[in-house]
$ cat upload-v1.cif   # mmCIF, C-alpha atoms
data_target
#
loop_
_atom_site.label_atom_id
_atom_site.label_comp_id
_atom_site.auth_asym_id
_atom_site.auth_seq_id
_atom_site.Cartn_x
_atom_site.Cartn_y
_atom_site.Cartn_z
CA ALA A 1068 86.21 -0.29 -98.80
CA THR A 1069 87.53 -3.06 -100.99
CA ARG A 1070 85.88 -4.27 -104.16
CA SER A 1071 84.92 -7.53 -102.45
CA SER A 1072 83.06 -5.66 -99.73
CA VAL A 1073 80.92 -3.93 -102.36
CA ARG A 1074 80.03 -6.97 -104.44
CA PRO A 1075 77.30 -8.24 -102.06
CA LEU A 1076 75.44 -4.97 -102.65
CA LEU A 1077 75.34 -5.74 -106.35
CA SER A 1078 73.89 -9.21 -105.89
CA LEU A 1079 71.40 -8.42 -103.13
CA SER A 1080 68.44 -7.58 -105.35
CA ALA A 1081 69.21 -10.41 -107.76
CA ALA A 1082 69.11 -12.90 -104.88
CA LEU A 1083 65.77 -11.60 -103.64
CA SER A 1084 63.62 -13.19 -106.32
CA THR A 1085 65.17 -16.60 -105.63
CA ALA A 1086 64.63 -16.22 -101.91
CA MET A 1087 60.98 -15.23 -102.36
CA SER A 1088 60.43 -18.17 -104.70
CA GLU A 1089 61.76 -20.55 -102.05
CA TYR A 1090 59.22 -19.15 -99.60
CA GLY A 1091 56.40 -19.56 -102.10
CA GLY A 1092 56.03 -15.85 -102.83
CA GLU A 1093 55.96 -14.01 -106.11
CA PRO A 1094 59.01 -11.94 -107.16
CA TRP A 1095 56.97 -8.75 -107.39
CA GLN A 1096 54.85 -6.55 -105.20
CA LEU A 1097 51.70 -5.47 -106.96
CA ARG A 1098 48.66 -3.31 -106.57
CA TYR A 1099 46.66 -3.60 -109.73
CA ALA A 1100 42.96 -4.04 -110.30
CA GLY A 1101 42.59 -2.14 -113.54
CA ALA A 1102 42.69 1.59 -113.82
CA ALA A 1103 39.96 3.48 -112.01
CA PRO A 1104 37.64 6.13 -113.50
CA GLY A 1105 39.47 9.40 -113.95
CA LYS A 1106 43.21 9.81 -114.27
CA SER A 1107 45.33 6.78 -113.47
CA VAL A 1108 49.06 6.12 -113.26
CA MET A 1109 50.97 2.84 -113.34
CA CYS A 1110 54.28 2.94 -111.45
CA TYR A 1111 56.46 0.17 -112.86
CA GLY A 1112 59.94 -1.02 -111.99
CA ASP A 1113 62.03 -3.13 -109.65
CA SER A 1114 62.32 -3.37 -105.85
CA LEU A 1115 62.58 0.42 -105.60
CA THR A 1116 59.08 0.63 -107.09
CA ALA A 1117 57.87 -2.23 -104.90
CA GLY A 1118 59.03 -0.27 -101.86
CA TYR A 1119 61.25 -3.06 -100.57
CA HIS A 1120 62.60 -2.36 -97.07
CA ASP A 1121 63.30 -4.05 -93.74
CA GLY A 1122 65.10 -6.84 -95.56
CA GLY A 1123 62.08 -7.64 -97.69
CA PHE A 1124 59.72 -8.18 -94.75
CA ALA A 1125 57.85 -4.97 -95.56
CA PHE A 1126 56.97 -2.88 -98.60
CA ALA A 1127 56.17 0.82 -98.84
CA PRO A 1128 55.72 1.68 -102.53
CA TYR A 1129 56.18 5.32 -103.45
CA ALA A 1130 52.91 5.08 -105.40
CA SER A 1131 51.00 5.44 -102.13
CA SER A 1132 52.49 8.81 -101.20
CA LEU A 1133 52.26 9.95 -104.83
CA GLU A 1134 48.56 9.15 -104.93
CA ALA A 1135 47.99 10.96 -101.64
CA ARG A 1136 49.36 14.16 -103.20
CA LEU A 1137 47.66 13.98 -106.59
CA ASP A 1138 44.03 14.96 -106.21
CA GLY A 1139 41.76 12.48 -107.96
CA VAL A 1140 44.56 10.42 -109.51
CA ARG A 1141 44.87 6.71 -108.80
CA CYS A 1142 48.46 5.44 -108.62
CA ASP A 1143 48.89 1.69 -108.98
CA HIS A 1144 52.25 -0.03 -108.91
CA CYS A 1145 54.09 -3.14 -109.99
CA GLY A 1146 57.59 -3.71 -108.63
CA HIS A 1147 59.67 -6.72 -109.73
CA SER A 1148 62.24 -7.17 -106.98
CA GLY A 1149 65.60 -8.38 -108.26
CA MET A 1150 64.65 -8.04 -111.92
CA THR A 1151 66.70 -6.20 -114.53
CA ALA A 1152 65.19 -3.84 -117.07
CA GLU A 1153 65.94 -6.39 -119.77
CA GLU A 1154 64.00 -9.06 -117.90
CA MET A 1155 61.09 -6.70 -117.29
CA ALA A 1156 61.00 -5.76 -120.96
CA SER A 1157 60.67 -9.44 -121.88
CA ARG A 1158 57.45 -9.76 -119.85
CA VAL A 1159 55.16 -8.49 -122.57
CA ALA A 1160 52.53 -11.09 -123.31
CA ASP A 1161 51.10 -12.44 -120.08
CA GLU A 1162 49.31 -10.36 -117.48
CA ARG A 1163 49.93 -13.15 -114.96
CA ASP A 1164 53.63 -12.37 -115.26
CA ALA A 1165 52.86 -8.73 -114.50
CA GLY A 1166 54.33 -7.48 -117.77
CA LEU A 1167 53.87 -3.78 -118.40
CA ARG A 1168 52.36 -4.18 -121.85
CA ALA A 1169 49.90 -6.82 -120.63
CA ILE A 1170 48.83 -4.66 -117.69
CA LEU A 1171 48.26 -1.63 -119.91
CA GLN A 1172 46.41 -3.67 -122.52
CA ALA A 1173 44.15 -5.26 -119.94
CA ALA A 1174 43.24 -1.86 -118.52
CA ARG A 1175 42.55 -0.50 -121.99
CA ALA A 1176 40.40 -3.53 -122.85
CA ALA A 1177 38.39 -2.88 -119.71
CA GLY A 1178 37.74 0.66 -120.90
CA ARG A 1179 39.87 2.21 -118.14
CA PRO A 1180 43.29 2.84 -119.65
CA TYR A 1181 46.23 4.21 -117.73
CA ASP A 1182 47.13 7.76 -118.70
CA CYS A 1183 50.76 7.55 -117.63
CA ALA A 1184 53.43 5.01 -116.70
CA ILE A 1185 56.26 5.96 -114.35
CA VAL A 1186 59.30 3.78 -114.98
CA MET A 1187 62.15 3.46 -112.49
CA ALA A 1188 64.44 0.63 -113.58
CA GLY A 1189 68.04 -0.17 -114.39
CA THR A 1190 69.63 -0.52 -110.95
CA ASN A 1191 69.74 -4.32 -111.09
CA ASP A 1192 71.34 -4.24 -114.53
CA PHE A 1193 74.48 -2.71 -113.01
CA GLY A 1194 75.36 -6.06 -111.44
CA ARG A 1195 75.97 -7.51 -114.89
CA PHE A 1196 78.96 -5.25 -115.41
CA ARG A 1197 82.20 -5.36 -113.44
CA GLY A 1198 84.04 -2.61 -115.26
CA GLY A 1199 85.04 -1.99 -118.86
CA ASP A 1200 83.39 0.31 -121.38
CA VAL A 1201 81.00 2.64 -119.53
CA ASP A 1202 79.39 3.89 -122.74
CA ALA A 1203 78.66 0.41 -124.05
CA ALA A 1204 77.13 -0.65 -120.74
CA ALA A 1205 75.09 2.55 -120.51
CA ASP A 1206 73.80 2.09 -124.05
CA GLN A 1207 72.61 -1.41 -123.24
CA ILE A 1208 70.93 -0.50 -119.96
CA SER A 1209 69.23 2.63 -121.27
CA GLU A 1210 67.91 0.77 -124.33
CA ASN A 1211 66.35 -1.87 -122.09
CA VAL A 1212 64.79 0.77 -119.84
CA PHE A 1213 63.42 2.68 -122.80
CA ALA A 1214 61.91 -0.51 -124.22
CA LEU A 1215 59.48 -0.26 -121.32
CA HIS A 1216 58.65 3.30 -122.29
CA ALA A 1217 58.02 2.21 -125.87
CA MET A 1218 55.51 -0.38 -124.63
CA ALA A 1219 53.60 2.33 -122.77
CA HIS A 1220 53.70 4.71 -125.71
CA ALA A 1221 52.30 1.96 -127.94
CA GLU A 1222 49.32 1.80 -125.56
CA SER A 1223 48.81 5.59 -125.76
CA ALA A 1224 50.20 6.25 -122.30
CA THR A 1225 52.72 8.99 -121.61
CA THR A 1226 55.75 8.09 -119.51
CA ILE A 1227 57.98 9.53 -116.83
CA SER A 1228 61.49 8.13 -116.55
CA VAL A 1229 62.93 8.31 -113.03
CA GLY A 1230 66.69 8.24 -113.11
CA VAL A 1231 68.75 5.50 -111.50
CA PRO A 1232 69.24 6.65 -107.90
CA GLY A 1233 72.52 6.72 -106.03
CA SER A 1234 73.80 3.89 -103.87
CA GLU A 1235 76.65 2.92 -101.58
CA CYS A 1236 78.12 0.94 -104.46
CA GLN A 1237 78.31 4.09 -106.58
CA ASN A 1238 79.88 5.98 -103.70
CA GLN A 1239 82.65 3.42 -103.42
CA MET A 1240 83.35 2.55 -107.06
CA GLN A 1241 84.01 5.08 -109.80
CA PHE A 1242 82.85 2.75 -112.58
CA TYR A 1243 79.33 2.57 -111.16
CA ARG A 1244 79.18 6.32 -110.49
CA GLU A 1245 80.08 6.96 -114.11
CA LEU A 1246 77.68 4.29 -115.32
CA ALA A 1247 74.75 5.77 -113.40
CA ALA A 1248 75.48 9.22 -114.77
CA ALA A 1249 75.78 7.88 -118.31
CA VAL A 1250 72.54 5.88 -118.11
CA ASN A 1251 70.61 8.83 -116.71
CA GLU A 1252 71.98 11.19 -119.35
CA ARG A 1253 70.87 8.83 -122.10
CA LEU A 1254 67.41 8.52 -120.57
CA ARG A 1255 67.22 12.30 -120.31
CA ARG A 1256 68.12 12.77 -123.97
CA ARG A 1257 65.65 10.13 -125.14
CA CYS A 1258 62.84 11.76 -123.18
CA GLU A 1259 63.69 15.25 -124.40
CA ALA A 1260 63.30 14.04 -127.97
CA LEU A 1261 59.71 12.88 -127.36
CA GLU A 1262 56.59 14.82 -126.44
CA VAL A 1263 55.18 11.80 -124.61
CA ALA A 1264 58.12 11.22 -122.24
CA THR A 1265 59.61 13.21 -119.37
CA TYR A 1266 62.80 12.58 -117.43
CA VAL A 1267 63.24 13.39 -113.74
CA ASP A 1268 66.15 12.63 -111.44
CA CYS A 1269 65.28 10.45 -108.47
CA PRO A 1270 63.91 12.91 -105.91
CA VAL A 1271 65.87 11.29 -103.05
CA GLU A 1272 69.65 11.52 -103.17
CA PHE A 1273 71.65 8.74 -101.60
CA ALA A 1274 73.04 9.50 -98.14
CA ARG A 1275 73.42 7.34 -95.06
CA GLY A 1276 70.54 8.22 -92.79
CA PRO A 1277 66.82 7.70 -92.16
CA LEU A 1278 65.81 7.70 -95.83
CA TRP A 1279 67.94 4.69 -96.76
CA GLU A 1280 68.28 1.09 -95.65
CA PRO A 1281 71.57 -0.19 -94.17
CA ASP A 1282 72.14 -2.25 -97.35
CA GLY A 1283 73.03 0.95 -99.19
CA LEU A 1284 70.74 0.02 -102.07
CA HIS A 1285 67.12 0.29 -100.97
CA MET A 1286 65.27 3.16 -99.34
CA SER A 1287 63.42 3.09 -96.05
CA ALA A 1288 59.68 3.62 -95.82
CA LEU A 1289 60.43 7.31 -95.23
CA GLY A 1290 62.61 7.37 -98.32
CA TYR A 1291 59.96 5.88 -100.58
CA ALA A 1292 57.41 8.34 -99.22
CA ALA A 1293 59.81 11.14 -100.10
CA VAL A 1294 60.10 9.81 -103.66
CA GLY A 1295 56.33 9.99 -104.08
CA GLU A 1296 56.23 13.48 -102.64
CA GLY A 1297 59.04 14.60 -104.93
CA LEU A 1298 57.45 13.15 -108.06
CA ALA A 1299 54.16 14.85 -107.23
CA VAL A 1300 55.78 18.26 -107.63
CA ALA A 1301 58.27 17.37 -110.38
#

$ encode --input "upload-v1.cif" --output "structure tokens"
Amino acid sequence: ATRSSVRPLLSLSAALSTAMSEYGGEPWQLRYAGAAPGKSVMCYGDSLTAGYHDGGFAFAPYASSLEARLDGVRCDHCGHSGMTAEEMASRVADERDAGLRAILQAARAAGRPYDCAIVMAGTNDFGRFRGGDVDAAADQISENVFALHAMAHAESATTISVGVPGSECQNQMQFYRELAAAVNERLRRRCEALEVATYVDCPVEFARGPLWEPDGLHMSALGYAAVGEGLAVA
């Protein structure tokens, strides 16, 4: 495929937040009412955490299947569709903006802190780069992703970093394949250096079929369920 045929894949998630705003919706999909008694997990990220599928008319967050497989653990989620890791990291002060730090602080203030935050972010950041220095781009993206981890660590929560998953764009363009590998390697190294962070590759590999949407970027409901199942045993 030509470069021009791939470009719409890069802009699809970025356009989603604008589209939802025009329809009066919020640019995130959220289940959050404060952590419950016992162990609790906050799954935080972009549309892949929101469980975006069927063109945005339905959501199937992986947190649901993860919770079903973790006995006695509540798994909440907050997925900012179309948002980059840098934009998510800037949402730190206002719980109404569904910022990770604000969510964790509110739960702690209520006496029910989250034990762990699972962060899957960075995919939307790829659209800001059209080639060039892979290492420089990977440094920038991984730093923004790990800023989210630092917020969780500051609130005494451990973190799990889920690597940037594959996509049709990566299949077709070498730059994005190399960028994904470089970002994930940096996230892996950062996590290995900390006792409070763990890195795992996305449990679902990209392949045309029932686990992925036709857009080549988002998973199907079955795919998101498989992510939750995979993380439960990671």

$ closest_atom_pairs --input "upload-v1.cif" --of "region 1132-1238 of chain A" --to "region 1285-1297 of chain A" --cutoff "9 Å" --atoms "all atoms listed in the file" --output "CSV"
residue,atom,partner,partner_atom,distance
A:Ser1132,CA,A:Gly1295,CA,4.9
A:Leu1133,CA,A:Gly1295,CA,4.1
A:Glu1134,CA,A:Gly1295,CA,7.9
A:Ala1135,CA,A:Glu1296,CA,8.7
A:Arg1136,CA,A:Glu1296,CA,6.9
A:Ser1234,CA,A:His1285,CA,8.1

$ closest_residue --input "upload-v1.cif" --among "A:Ser1228, A:Ser1131, A:Asn1211, A:Ser1157" --to "Cys1258 (chain A)" --atoms "all atoms listed in the file"
A:Ser1228

$ closest_residue --input "upload-v1.cif" --among "A:Ala1169, A:Ala1217, A:Val1186, A:Val1250" --to "Val1201 (chain A)" --atoms "all atoms listed in the file"
A:Val1250

$ closest_residue --input "upload-v1.cif" --among "A:Thr1225, A:Val1212, A:Ala1219, A:Val1263" --to "Asn1251 (chain A)" --atoms "all atoms listed in the file"
A:Val1212

$ closest_residue --input "upload-v1.cif" --among "A:Glu1210, A:Met1240, A:Glu1245, A:Thr1226" --to "Tyr1266 (chain A)" --atoms "all atoms listed in the file"
A:Thr1226

$ atom_distance --input "upload-v1.cif" --atom1 "CA of Gly1139 (chain A)" --atom2 "CA of Val1229 (chain A)"
22.2 Å

$ resolve_selection --input "upload-v1.cif" --expression "the PyMOL selection byres ((chain A and resi 1199) around 12)" --output "ChimeraX atom specification"
/A:1195-1198,1200-1205,1241-1243,1245-1246

$ closest_residue --input "upload-v1.cif" --among "A:Ala1214, A:Val1267, A:Ala1247, A:Leu1261" --to "Glu1154 (chain A)" --atoms "all atoms listed in the file"
A:Ala1214

$ closest_residue --input "upload-v1.cif" --among "A:Ala1249, A:Ile1208, A:Ile1227, A:Leu1115" --to "Ala1301 (chain A)" --atoms "only C-alpha atoms"
A:Ile1227

$ atom_distance --input "upload-v1.cif" --atom1 "CA of Pro1270 (chain A)" --atom2 "CA of Val1300 (chain A)"
9.9 Å

$ atom_distance --input "upload-v1.cif" --atom1 "CA of Leu1254 (chain A)" --atom2 "CA of Tyr1119 (chain A)"
23.9 Å
